[in-house]
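K.L.:
Next comes the structure file work_0.csv, holding CSV, C-alpha atoms and all ligand atoms.
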chain,number,residue,atom,x,y,z
A,1,MET,CA,24.3,-85.4,4.7
A,2,THR,CA,26.2,-82.7,6.6
A,3,ALA,CA,28.7,-80.8,4.4
A,4,HIS,CA,32.2,-81.5,5.6
A,5,PHE,CA,35.4,-80.3,4.1
A,6,THR,CA,39.1,-80.9,4.9
A,7,LEU,CA,41.6,-78.1,4.0
A,8,PRO,CA,45.3,-77.5,4.4
A,9,LYS,CA,46.1,-75.1,7.2
A,10,TRP,CA,46.2,-71.5,5.9
A,11,TYR,CA,48.1,-68.3,6.2
A,12,ASP,CA,46.3,-65.2,7.3
A,13,LEU,CA,48.2,-62.7,5.1
A,14,HIS,CA,46.9,-59.6,6.8
A,15,VAL,CA,46.4,-59.6,10.6
A,16,HIS,CA,47.0,-57.2,13.5
A,17,PHE,CA,48.4,-58.8,16.6
A,18,ARG,CA,49.4,-55.5,18.0
A,19,GLN,CA,51.3,-55.4,21.3
A,20,GLY,CA,51.0,-55.9,25.1
A,21,GLU,CA,49.7,-58.7,27.2
A,22,PRO,CA,46.7,-59.9,25.2
A,23,ILE,CA,48.9,-60.7,22.2
A,24,ALA,CA,49.2,-64.3,23.2
A,25,ASP,CA,45.4,-64.7,23.2
A,26,TYR,CA,45.2,-63.1,19.7
A,27,ILE,CA,47.9,-65.4,18.3
A,28,ASP,CA,46.3,-68.4,19.9
A,29,ALA,CA,42.9,-67.5,18.4
A,30,HIS,CA,44.6,-67.6,15.0
A,31,TYR,CA,46.3,-70.9,15.7
A,32,GLN,CA,42.9,-72.3,16.8
A,33,MET,CA,41.3,-71.4,13.5
A,34,GLY,CA,43.7,-73.4,11.5
A,35,CYS,CA,46.4,-70.8,10.7
A,36,CYS,CA,49.9,-72.2,9.9
A,37,GLY,CA,51.3,-68.7,9.5
A,38,ALA,CA,50.5,-65.0,9.3
A,39,LEU,CA,51.6,-61.6,8.0
A,40,ALA,CA,51.6,-59.5,11.1
A,41,MET,CA,51.1,-55.8,10.4
A,42,PRO,CA,53.6,-53.3,11.7
A,43,ASN,CA,51.3,-50.5,12.8
A,44,THR,CA,52.1,-51.2,16.5
A,45,GLN,CA,52.9,-48.5,19.0
A,46,PRO,CA,55.6,-47.5,18.2
A,47,PRO,CA,55.6,-48.7,14.6
A,48,VAL,CA,57.9,-51.4,13.2
A,49,ALA,CA,59.9,-48.9,11.2
A,50,ARG,CA,63.4,-50.4,11.3
A,51,VAL,CA,64.7,-53.7,10.2
A,52,SER,CA,67.3,-55.0,12.7
A,53,GLY,CA,68.5,-54.4,16.2
A,54,GLU,CA,66.7,-53.9,19.4
A,55,ASN,CA,63.3,-52.1,19.8
A,56,THR,CA,63.5,-48.5,21.0
A,57,GLU,CA,61.0,-46.0,22.4
A,58,ASP,CA,60.6,-44.4,19.0
A,59,TYR,CA,60.4,-47.4,16.8
A,60,TRP,CA,60.4,-51.2,16.8
A,61,THR,CA,62.4,-53.4,14.5
A,62,ILE,CA,61.3,-56.4,12.4
A,63,GLU,CA,63.8,-58.4,14.4
A,64,GLY,CA,62.4,-57.2,17.7
A,65,TYR,CA,58.8,-57.7,16.8
A,66,LEU,CA,59.4,-61.2,15.5
A,67,LYS,CA,61.0,-62.0,18.8
A,68,THR,CA,58.0,-60.6,20.7
A,69,LEU,CA,55.5,-62.5,18.6
A,70,ASN,CA,57.4,-65.8,18.8
A,71,SER,CA,57.7,-65.6,22.5
A,72,ALA,CA,53.9,-65.0,22.7
A,73,GLY,CA,53.2,-68.3,20.8
A,74,ALA,CA,53.8,-67.5,17.2
A,75,ASP,CA,56.7,-69.9,17.1
A,76,LYS,CA,54.0,-72.6,16.6
A,77,PHE,CA,53.5,-71.2,13.1
A,78,ASP,CA,55.4,-72.5,10.0
A,79,ASP,CA,56.1,-69.0,8.9
A,80,LEU,CA,55.6,-65.4,10.1
A,81,ILE,CA,56.1,-62.3,8.0
A,82,VAL,CA,56.5,-58.8,9.6
A,83,PRO,CA,56.4,-56.0,7.0
A,84,LEU,CA,58.5,-52.9,7.4
A,85,TYR,CA,56.3,-49.8,8.1
A,86,LEU,CA,57.3,-47.3,5.4
A,87,THR,CA,58.0,-43.8,6.8
A,88,PRO,CA,59.8,-40.7,5.5
A,89,ASP,CA,62.9,-42.1,7.3
A,90,THR,CA,62.9,-45.4,5.2
A,91,THR,CA,65.9,-45.4,2.8
A,92,PRO,CA,66.9,-47.5,-0.2
A,93,ASP,CA,69.9,-48.7,1.8
A,94,MET,CA,67.6,-50.0,4.6
A,95,ILE,CA,65.8,-52.1,2.0
A,96,LYS,CA,69.0,-53.5,0.6
A,97,VAL,CA,70.6,-54.2,4.0
A,98,GLY,CA,67.3,-55.7,5.3
A,99,VAL,CA,67.0,-58.1,2.5
A,100,GLU,CA,70.6,-59.2,2.8
A,101,ALA,CA,70.1,-59.8,6.5
A,102,GLY,CA,67.2,-62.1,5.7
A,103,LEU,CA,64.7,-60.1,7.8
A,104,LEU,CA,63.0,-57.9,5.2
A,105,ARG,CA,60.4,-59.6,3.0
A,106,THR,CA,57.6,-57.1,2.6
A,107,ALA,CA,57.0,-53.4,3.4
A,108,LYS,CA,53.7,-51.7,4.2
A,109,TYR,CA,52.4,-48.4,2.7
A,110,TYR,CA,50.1,-46.5,5.0
A,111,PRO,CA,48.5,-43.3,3.7
A,112,PRO,CA,49.3,-40.6,6.3
A,113,HIS,CA,46.5,-40.5,8.9
A,114,GLY,CA,44.5,-43.2,7.0
A,115,THR,CA,43.8,-45.7,9.7
A,116,THR,CA,44.8,-46.9,13.2
A,117,ASN,CA,48.4,-45.8,14.0
A,118,SER,CA,49.1,-44.7,10.4
A,119,GLU,CA,50.2,-41.2,11.2
A,120,HIS,CA,53.9,-42.2,10.6
A,121,GLY,CA,53.3,-42.7,6.8
A,122,ALA,CA,54.0,-40.4,3.9
A,123,ASP,CA,52.3,-40.1,0.5
A,124,LEU,CA,53.0,-42.5,-2.3
A,125,LYS,CA,55.0,-40.0,-4.3
A,126,THR,CA,57.6,-39.8,-1.5
A,127,TYR,CA,58.7,-43.4,-2.0
A,128,MET,CA,58.3,-43.2,-5.8
A,129,ASP,CA,60.8,-40.4,-5.8
A,130,ASN,CA,63.2,-41.2,-3.1
A,131,GLY,CA,64.4,-44.6,-4.4
A,132,VAL,CA,62.6,-46.8,-1.8
A,133,PHE,CA,60.1,-48.4,-4.3
A,134,ALA,CA,63.0,-48.8,-6.8
A,135,ALA,CA,65.1,-50.6,-4.2
A,136,MET,CA,62.1,-52.8,-3.3
A,137,GLU,CA,61.6,-53.7,-6.9
A,138,GLU,CA,65.3,-54.5,-7.4
A,139,HIS,CA,65.6,-56.6,-4.2
A,140,GLY,CA,62.2,-58.5,-4.6
A,141,VAL,CA,60.5,-56.9,-1.5
A,142,ILE,CA,56.7,-57.1,-1.8
A,143,LEU,CA,54.7,-53.9,-1.3
A,144,ASN,CA,51.6,-54.2,0.9
A,145,ILE,CA,49.4,-51.3,0.1
A,146,HIS,CA,46.6,-49.6,2.0
A,147,GLY,CA,44.9,-48.1,-1.0
A,148,GLU,CA,43.0,-45.1,0.2
A,149,GLU,CA,43.6,-41.5,-0.7
A,150,HIS,CA,44.1,-39.3,2.4
A,151,GLY,CA,42.9,-35.7,3.0
A,152,LEU,CA,39.8,-35.8,0.8
A,153,SER,CA,36.7,-33.7,1.5
A,154,GLY,CA,33.7,-35.5,3.0
A,155,GLU,CA,31.8,-36.1,-0.3
A,156,ASN,CA,35.0,-37.4,-2.0
A,157,TYR,CA,35.9,-39.5,1.0
A,158,PHE,CA,32.6,-41.4,0.9
A,159,GLY,CA,30.2,-40.3,-1.8
A,160,ALA,CA,27.6,-42.0,-4.0
A,161,ASP,CA,30.0,-42.1,-7.0
A,162,THR,CA,33.4,-42.1,-5.5
A,163,ASN,CA,35.3,-42.7,-2.3
A,164,ALA,CA,38.9,-42.7,-0.9
A,165,GLU,CA,39.7,-46.2,-2.3
A,166,ASP,CA,38.0,-45.6,-5.6
A,167,TYR,CA,40.1,-42.4,-6.0
A,168,PHE,CA,43.3,-44.2,-5.0
A,169,TYR,CA,42.9,-47.1,-7.5
A,170,LYS,CA,41.9,-44.7,-10.4
A,171,ASN,CA,44.5,-42.1,-9.9
A,172,ASN,CA,47.5,-43.4,-8.0
A,173,MET,CA,47.8,-47.1,-8.7
A,174,PRO,CA,48.1,-46.8,-12.5
A,175,LYS,CA,51.1,-44.5,-12.0
A,176,LEU,CA,52.7,-46.8,-9.5
A,177,ILE,CA,52.6,-49.9,-11.6
A,178,SER,CA,53.7,-48.2,-14.8
A,179,ALA,CA,56.7,-46.7,-12.9
A,180,PHE,CA,57.6,-50.0,-11.2
A,181,PRO,CA,56.3,-52.8,-13.4
A,182,ASN,CA,58.4,-55.5,-11.6
A,183,LEU,CA,57.4,-54.5,-8.1
A,184,LYS,CA,55.2,-57.2,-6.5
A,185,ILE,CA,52.2,-55.6,-4.9
A,186,VAL,CA,49.4,-56.8,-2.6
A,187,CYS,CA,46.4,-54.5,-2.6
A,188,GLU,CA,45.3,-55.0,1.0
A,189,HIS,CA,41.7,-55.4,2.1
A,190,ILE,CA,40.1,-54.2,-1.1
A,191,THR,CA,36.5,-53.1,-0.8
A,192,THR,CA,35.4,-51.7,-4.2
A,193,LYS,CA,34.5,-52.8,-7.7
A,194,THR,CA,37.1,-50.3,-8.9
A,195,ALA,CA,39.9,-52.1,-7.0
A,196,VAL,CA,38.8,-55.5,-8.2
A,197,ASN,CA,38.8,-54.2,-11.8
A,198,PHE,CA,42.3,-52.7,-11.3
A,199,VAL,CA,43.8,-55.9,-9.9
A,200,ASN,CA,42.2,-58.0,-12.6
A,201,SER,CA,43.6,-55.8,-15.4
A,202,ALA,CA,47.1,-55.5,-13.8
A,203,SER,CA,50.0,-57.9,-14.4
A,204,ALA,CA,50.5,-61.1,-12.4
A,205,ASN,CA,52.7,-59.0,-10.1
A,206,VAL,CA,49.6,-57.5,-8.6
A,207,ALA,CA,47.3,-59.4,-6.2
A,208,ALA,CA,44.8,-58.5,-3.4
A,209,THR,CA,43.6,-59.6,0.0
A,210,ILE,CA,39.9,-59.6,0.8
A,211,THR,CA,38.5,-59.7,4.4
A,212,PRO,CA,35.4,-61.7,5.5
A,213,GLN,CA,33.4,-58.7,6.4
A,214,HIS,CA,33.8,-57.1,3.0
A,215,LEU,CA,32.5,-60.3,1.4
A,216,MET,CA,29.5,-60.4,3.8
A,217,PHE,CA,28.3,-56.9,4.6
A,218,THR,CA,27.6,-53.5,3.1
A,219,VAL,CA,27.5,-50.0,4.6
A,220,ALA,CA,23.7,-50.6,5.2
A,221,ASP,CA,24.6,-53.4,7.7
A,222,LEU,CA,26.9,-50.9,9.5
A,223,LEU,CA,24.3,-48.1,9.6
A,224,GLN,CA,21.2,-50.1,10.4
A,225,GLY,CA,21.4,-50.1,14.2
A,226,LEU,CA,24.8,-48.5,14.0
A,227,LYS,CA,26.6,-51.8,14.4
A,228,TYR,CA,30.0,-50.3,15.3
A,229,HIS,CA,31.7,-53.6,15.5
A,230,LEU,CA,31.5,-53.6,11.7
A,231,TYR,CA,33.3,-50.2,11.6
A,232,CYS,CA,36.7,-50.8,9.8
A,233,LEU,CA,38.8,-49.0,7.3
A,234,PRO,CA,38.4,-49.1,4.4
A,235,LEU,CA,34.7,-48.9,5.2
A,236,VAL,CA,32.3,-51.6,4.0
A,237,LYS,CA,30.8,-50.4,0.7
A,238,PHE,CA,27.8,-51.0,-1.5
A,239,GLU,CA,26.0,-54.1,-2.8
A,240,GLN,CA,27.6,-53.8,-6.3
A,241,ASP,CA,31.1,-53.6,-4.6
A,242,LYS,CA,30.3,-56.7,-2.4
A,243,GLN,CA,29.2,-58.6,-5.5
A,244,ALA,CA,32.4,-57.7,-7.4
A,245,LEU,CA,34.5,-58.9,-4.4
A,246,LEU,CA,32.5,-62.2,-4.2
A,247,LYS,CA,32.9,-62.8,-7.9
A,248,ALA,CA,36.7,-62.2,-7.7
A,249,ALA,CA,37.1,-64.4,-4.6
A,250,THR,CA,34.9,-67.3,-5.9
A,251,SER,CA,36.2,-67.5,-9.5
A,252,SER,CA,38.0,-70.8,-9.6
A,253,ASP,CA,40.4,-69.7,-12.3
A,254,ASN,CA,41.5,-66.5,-10.5
A,255,SER,CA,44.7,-66.8,-8.5
A,256,LYS,CA,45.0,-63.0,-7.7
A,257,PHE,CA,42.7,-62.9,-4.7
A,258,PHE,CA,43.4,-64.5,-1.3
A,259,ALA,CA,42.5,-64.4,2.4
A,260,GLY,CA,43.8,-61.6,4.6
A,261,THR,CA,41.4,-61.0,7.4
A,262,ASP,CA,42.6,-57.6,8.6
A,263,SER,CA,41.5,-58.9,12.0
A,264,ALA,CA,42.2,-56.1,14.5
A,265,PRO,CA,41.5,-56.5,18.2
A,266,HIS,CA,40.3,-53.6,20.2
A,267,ALA,CA,39.7,-53.9,23.9
A,268,VAL,CA,37.5,-50.7,23.7
A,269,LYS,CA,35.7,-50.3,20.4
A,270,ALA,CA,33.5,-47.3,20.9
A,271,THR,CA,34.5,-44.3,23.0
A,272,GLN,CA,32.8,-41.1,23.9
A,273,CYS,CA,34.4,-39.3,21.0
A,274,GLY,CA,34.5,-41.9,18.2
A,275,CYS,CA,35.1,-45.5,17.3
A,276,ALA,CA,38.2,-47.6,16.8
A,277,ALA,CA,38.5,-48.9,13.3
A,278,GLY,CA,38.9,-52.7,12.8
A,279,CYS,CA,36.9,-55.9,13.0
A,280,PHE,CA,38.2,-58.7,15.2
A,281,THR,CA,37.8,-62.1,13.4
A,282,GLY,CA,40.3,-64.1,15.4
A,283,GLY,CA,38.9,-67.6,15.9
A,284,ILE,CA,36.1,-67.3,13.3
A,285,ALA,CA,37.5,-66.2,10.0
A,286,PRO,CA,37.3,-69.5,8.0
A,287,GLN,CA,33.8,-70.0,9.3
A,288,LEU,CA,32.9,-66.5,8.0
A,289,TYR,CA,34.6,-67.0,4.7
A,290,ALA,CA,32.7,-70.3,4.3
A,291,ALA,CA,29.5,-68.5,5.0
A,292,ALA,CA,30.3,-65.7,2.5
A,293,PHE,CA,31.1,-68.4,-0.2
A,294,ASP,CA,28.0,-70.5,0.8
A,295,LEU,CA,30.7,-73.2,0.7
A,296,ASN,CA,29.6,-76.4,-1.1
A,297,GLU,CA,31.0,-79.1,-3.3
A,298,ASN,CA,30.7,-77.0,-6.4
A,299,ASN,CA,32.8,-74.1,-5.1
A,300,PHE,CA,35.1,-76.0,-2.8
A,301,GLU,CA,38.1,-75.8,-5.1
A,302,ALA,CA,37.7,-72.0,-5.4
A,303,PHE,CA,37.4,-71.7,-1.7
A,304,LYS,CA,40.5,-73.8,-1.1
A,305,ASN,CA,42.4,-71.6,-3.6
A,306,PHE,CA,41.3,-68.4,-2.0
A,307,LEU,CA,41.9,-69.5,1.6
A,308,CYS,CA,44.8,-71.8,1.4
A,309,LEU,CA,46.7,-71.8,-1.9
A,310,ASN,CA,46.7,-68.4,-3.8
A,311,GLY,CA,48.4,-66.4,-1.0
A,312,PRO,CA,51.3,-68.9,-0.4
A,313,ALA,CA,51.8,-69.1,-4.2
A,314,PHE,CA,52.1,-65.3,-4.4
A,315,TYR,CA,54.4,-65.0,-1.4
A,316,GLY,CA,56.4,-68.2,-2.2
A,317,LEU,CA,55.3,-69.9,1.1
A,318,LYS,CA,55.1,-73.6,1.6
A,319,VAL,CA,51.6,-75.0,1.7
A,320,SER,CA,51.0,-76.7,5.0
A,321,THR,CA,50.9,-80.5,5.1
A,322,GLU,CA,48.6,-80.3,8.2
A,323,THR,CA,44.9,-79.9,7.8
A,324,PHE,CA,41.7,-78.6,9.6
A,325,THR,CA,38.1,-79.2,8.9
A,326,LEU,CA,34.9,-77.2,8.4
A,327,THR,CA,31.6,-78.8,9.0
A,328,LYS,CA,28.2,-77.2,8.3
A,329,THR,CA,26.9,-77.4,11.9
A,330,PRO,CA,26.3,-74.4,14.0
A,331,SER,CA,28.9,-73.3,16.6
A,332,ASN,CA,29.2,-70.5,19.1
A,333,PRO,CA,32.0,-68.0,18.8
A,334,SER,CA,33.8,-66.9,22.0
A,335,VAL,CA,35.5,-63.8,23.2
A,336,GLN,CA,39.3,-64.0,22.8
A,337,GLY,CA,41.2,-62.3,25.4
A,338,ASN,CA,39.6,-58.8,25.7
A,339,ALA,CA,38.4,-58.5,22.1
A,340,THR,CA,34.9,-59.2,20.9
A,341,PRO,CA,34.7,-61.2,17.7
A,342,LEU,CA,32.7,-59.5,14.9
A,343,HIS,CA,30.0,-62.1,14.9
A,344,ILE,CA,29.1,-61.5,18.6
A,345,GLY,CA,29.5,-57.7,18.0
A,346,LEU,CA,26.8,-57.9,15.4
A,347,GLY,CA,24.5,-59.7,17.7
A,348,LEU,CA,24.6,-62.9,15.5
A,349,GLU,CA,24.6,-65.7,18.0
A,350,GLN,CA,25.8,-68.7,16.1
A,351,LEU,CA,28.1,-69.4,13.2
A,352,ASP,CA,26.8,-71.6,10.4
A,353,TRP,CA,30.1,-73.5,10.4
A,354,THR,CA,32.2,-75.5,12.9
A,355,LEU,CA,35.9,-75.6,12.7
A,356,ALA,CA,38.1,-78.4,14.1
A,357,LEU,CA,41.9,-78.9,14.1
A,401,ZN,ZN,45.0,-53.8,8.4
Take the structure in the file and write it out as structure tokens.

P.N.:
Amino acid sequence: MTAHFTLPKWYDLHVHFRQGEPIADYIDAHYQMGCCGALAMPNTQPPVARVSGENTEDYWTIEGYLKTLNSAGADKFDDLIVPLYLTPDTTPDMIKVGVEAGLLRTAKYYPPHGTTNSEHGADLKTYMDNGVFAAMEEHGVILNIHGEEHGLSGENYFGADTNAEDYFYKNNMPKLISAFPNLKIVCEHITTKTAVNFVNSASANVAATITPQHLMFTVADLLQGLKYHLYCLPLVKFEQDKQALLKAATSSDNSKFFAGTDSAPHAVKATQCGCAAGCFTGGIAPQLYAAAFDLNENNFEAFKNFLCLNGPAFYGLKVSTETFTLTKTPSNPSVQGNATPLHIGLGLEQLDWTLAL
């Protein structure tokens, strides 16, 4: 009998919809893959670095970006969260006023120069010392963290025994959680065994998102044939890291790990002088997660927790009463707008699973 599963619609708690005309296609791709909501990342150009008022040339506002997204189709979602992009200009007062206005729910830490459009960030210590994290803790604003150390030498950035994420979770995160024990933190797109161990040993205030690509692939898959559609930050890592992520995601008693695709559309992925970071998984993420889990009757509960329940529980979002289905029959992914889905980019023709609303 063909395996067939019905699930509540889910929230993608880490996605890049970016800006400009194709945004409606990207939002629709998420809607078509059963999403009832999303956390839309603020590293747009310019960044979403203020809370209220109109967008300006230097920065956008949460209020303005929400309007942009809603008018491009995101109003179909049950809920939509836009984090505030933390910059050296973020103040404790902005946090307080933003919460009181009902606009500010989470804020995103980017290491300076860590990933696409992250050059506006400052190091972690800035916000530990200037009262911003204290204000977030006091007002219940969740911190979304891109956990990679910036400015490392090559061998420390990606070595056999350490890397930028490993360094960050060993050296920075313990200080952060001991200074702000009541701050709720989502460790975004974790990729290493070190990060899994950190999240498991931290309090219930600390959770993590995991992408489909980090559950499915390692750096060997990226390098063999230089499959640049798999180039994302943090980089895919080693087999033991992938196994630690799979164990975390598939443990039925573990509520700390949930879906956040980090889906990032790029019209042009590789250029003459480099490669844009980010895998586009709009339209295909549940199918990829199901493949990573090798979804079956025995791990269905764990899969449902990971994809549909753990994230809303951590964020206090309502679980959708609408459903979608996954059936184990092959399907063909399609290009969404101008962005090539990861599966096509890797030369894998068919998906193992078919999704229907
Ligand atoms: Zn991201």

K.L.:
Return as a ChimeraX atom specification every polymer residue, whether protein, DNA or RNA, with at least one atom no more than 9 Å from an atom of ligand ZN 401 (chain A); count all atoms listed in the file.

P.N.:
/A:14-16,41,43,115-116,146,188-189,232-233,260-264,278

K.L.:
List every protein, DNA or RNA residue that has an atom no more than 9 Å from (59.7, -43.9, 4.3) in the file's coordinate frame, counting only C-alpha atoms, and report them as a short mmCIF file (atom, residue, chain, number, x, y, z; two decimals) with C-alpha atoms, keeping the file's coordinate frame.

P.N.:
data_model
loop_
_atom_site.label_atom_id
_atom_site.label_comp_id
_atom_site.auth_asym_id
_atom_site.auth_seq_id
_atom_site.Cartn_x
_atom_site.Cartn_y
_atom_site.Cartn_z
CA ALA A 49 59.90 -48.90 11.20
CA TYR A 85 56.30 -49.80 8.10
CA LEU A 86 57.30 -47.30 5.40
CA THR A 87 58.00 -43.80 6.80
CA PRO A 88 59.80 -40.70 5.50
CA ASP A 89 62.90 -42.10 7.30
CA THR A 90 62.90 -45.40 5.20
CA THR A 91 65.90 -45.40 2.80
CA TYR A 109 52.40 -48.40 2.70
CA HIS A 120 53.90 -42.20 10.60
CA GLY A 121 53.30 -42.70 6.80
CA ALA A 122 54.00 -40.40 3.90
CA THR A 126 57.60 -39.80 -1.50
CA TYR A 127 58.70 -43.40 -2.00
CA ASN A 130 63.20 -41.20 -3.10
CA VAL A 132 62.60 -46.80 -1.80
#

K.L.:
When you look at Arg105 in chain A with a cut-off of 10 Å (counting all atoms listed in the file), what residues show up, excluding the ones that are within fewer than 2 positions of it in the same chain? I need them as a VMD selection string.

P.N.:
chain A and resid 62 81 to 84 95 98 to 99 102 to 103 107 136 139 to 143 315

K.L.:
Please, what distance in Å, to one decimal, runs between CA of Ala267 in chain A and CA of Gly73 in chain A?

P.N.:
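Rounded to one decimal, the two atoms are 20.0 Å apart.
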
K.L.:
One number please: CA of Ala249 in chain A to CA of Thr323 in chain A, in Å, one decimal.

P.N.:
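Distance between the two atoms: 21.3 Å.
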
K.L.:
Any idea what's packed within 10 Å of His343 in chain A, counting all atoms listed in the file, ignoring anything in its chain fewer than 5 positions away? Could you give it as JSON, numbers by chain?

P.N.:
{"A": [213, 229, 230, 279, 280, 281, 284, 285, 288, 332, 333, 334, 348, 349, 350, 351]}

K.L.:
When distances are computed from only C-alpha atoms, which of A:Pro174, A:Phe303, A:Pro312, A:Leu342 shows the smallest separation from Thr6 in chain A?

P.N.:
A:Phe303

K.L.:
Figure out the distance between CA of Lys108 in chain A and CA of Asp78 in chain A, please, to one decimal in Å.

P.N.:
21.7 Å

K.L.:
In terms of the shortest atom-to-atom distance over all atoms listed in the file, which of A:Pro92, A:Gly159, A:Gly147, A:Gly53 is closest to Pro234 in chain A?

P.N.:
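Closest candidate: A:Gly147.
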
K.L.:
For Ser52 in chain A, which of A:Ile23, A:Met94, A:Met216, A:Ala292 is the closest residue, counting only C-alpha atoms?

P.N.:
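Selected residue with least distance to Ser52 in chain A: A:Met94.
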
K.L.:
Can you pull out the residues contacting Thr56 in chain A? Cut-off 10 Å, using all atoms listed in the file, and skip same-chain residues under 6 positions away; I want them as an NGL selection string.

P.N.:
:A and (46 or 50 or 64)

K.L.:
Find, counting only C-alpha atoms, the residue in A:Pro8, A:Pro212, A:Gly151, A:Pro265 that gets nearest to Leu326 in chain A.

P.N.:
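Result for the nearest residue to Leu326 in chain A: A:Pro8.
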
K.L.:
If we count all atoms listed in the file, what is near range 171-173 of chain A at a cut-off of 8 Å, once residues fewer than 4 positions away on the same chain are taken out, given as a ChimeraX atom specification?

P.N.:
/A:124,167,177

K.L.:
Between A:Pro330, A:Pro111, A:Gly37, A:Pro22, which is the closest to Ala72 in chain A once you count only C-alpha atoms?

P.N.:
A:Pro22

K.L.:
Would you please work out which residue, of A:Ile190, A:Ala202, A:Glu155, A:Phe306, is nearest to Lys175 in chain A when using all atoms listed in the file?

P.N.:
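For Lys175 in chain A, the nearest of the given residues is A:Ala202.
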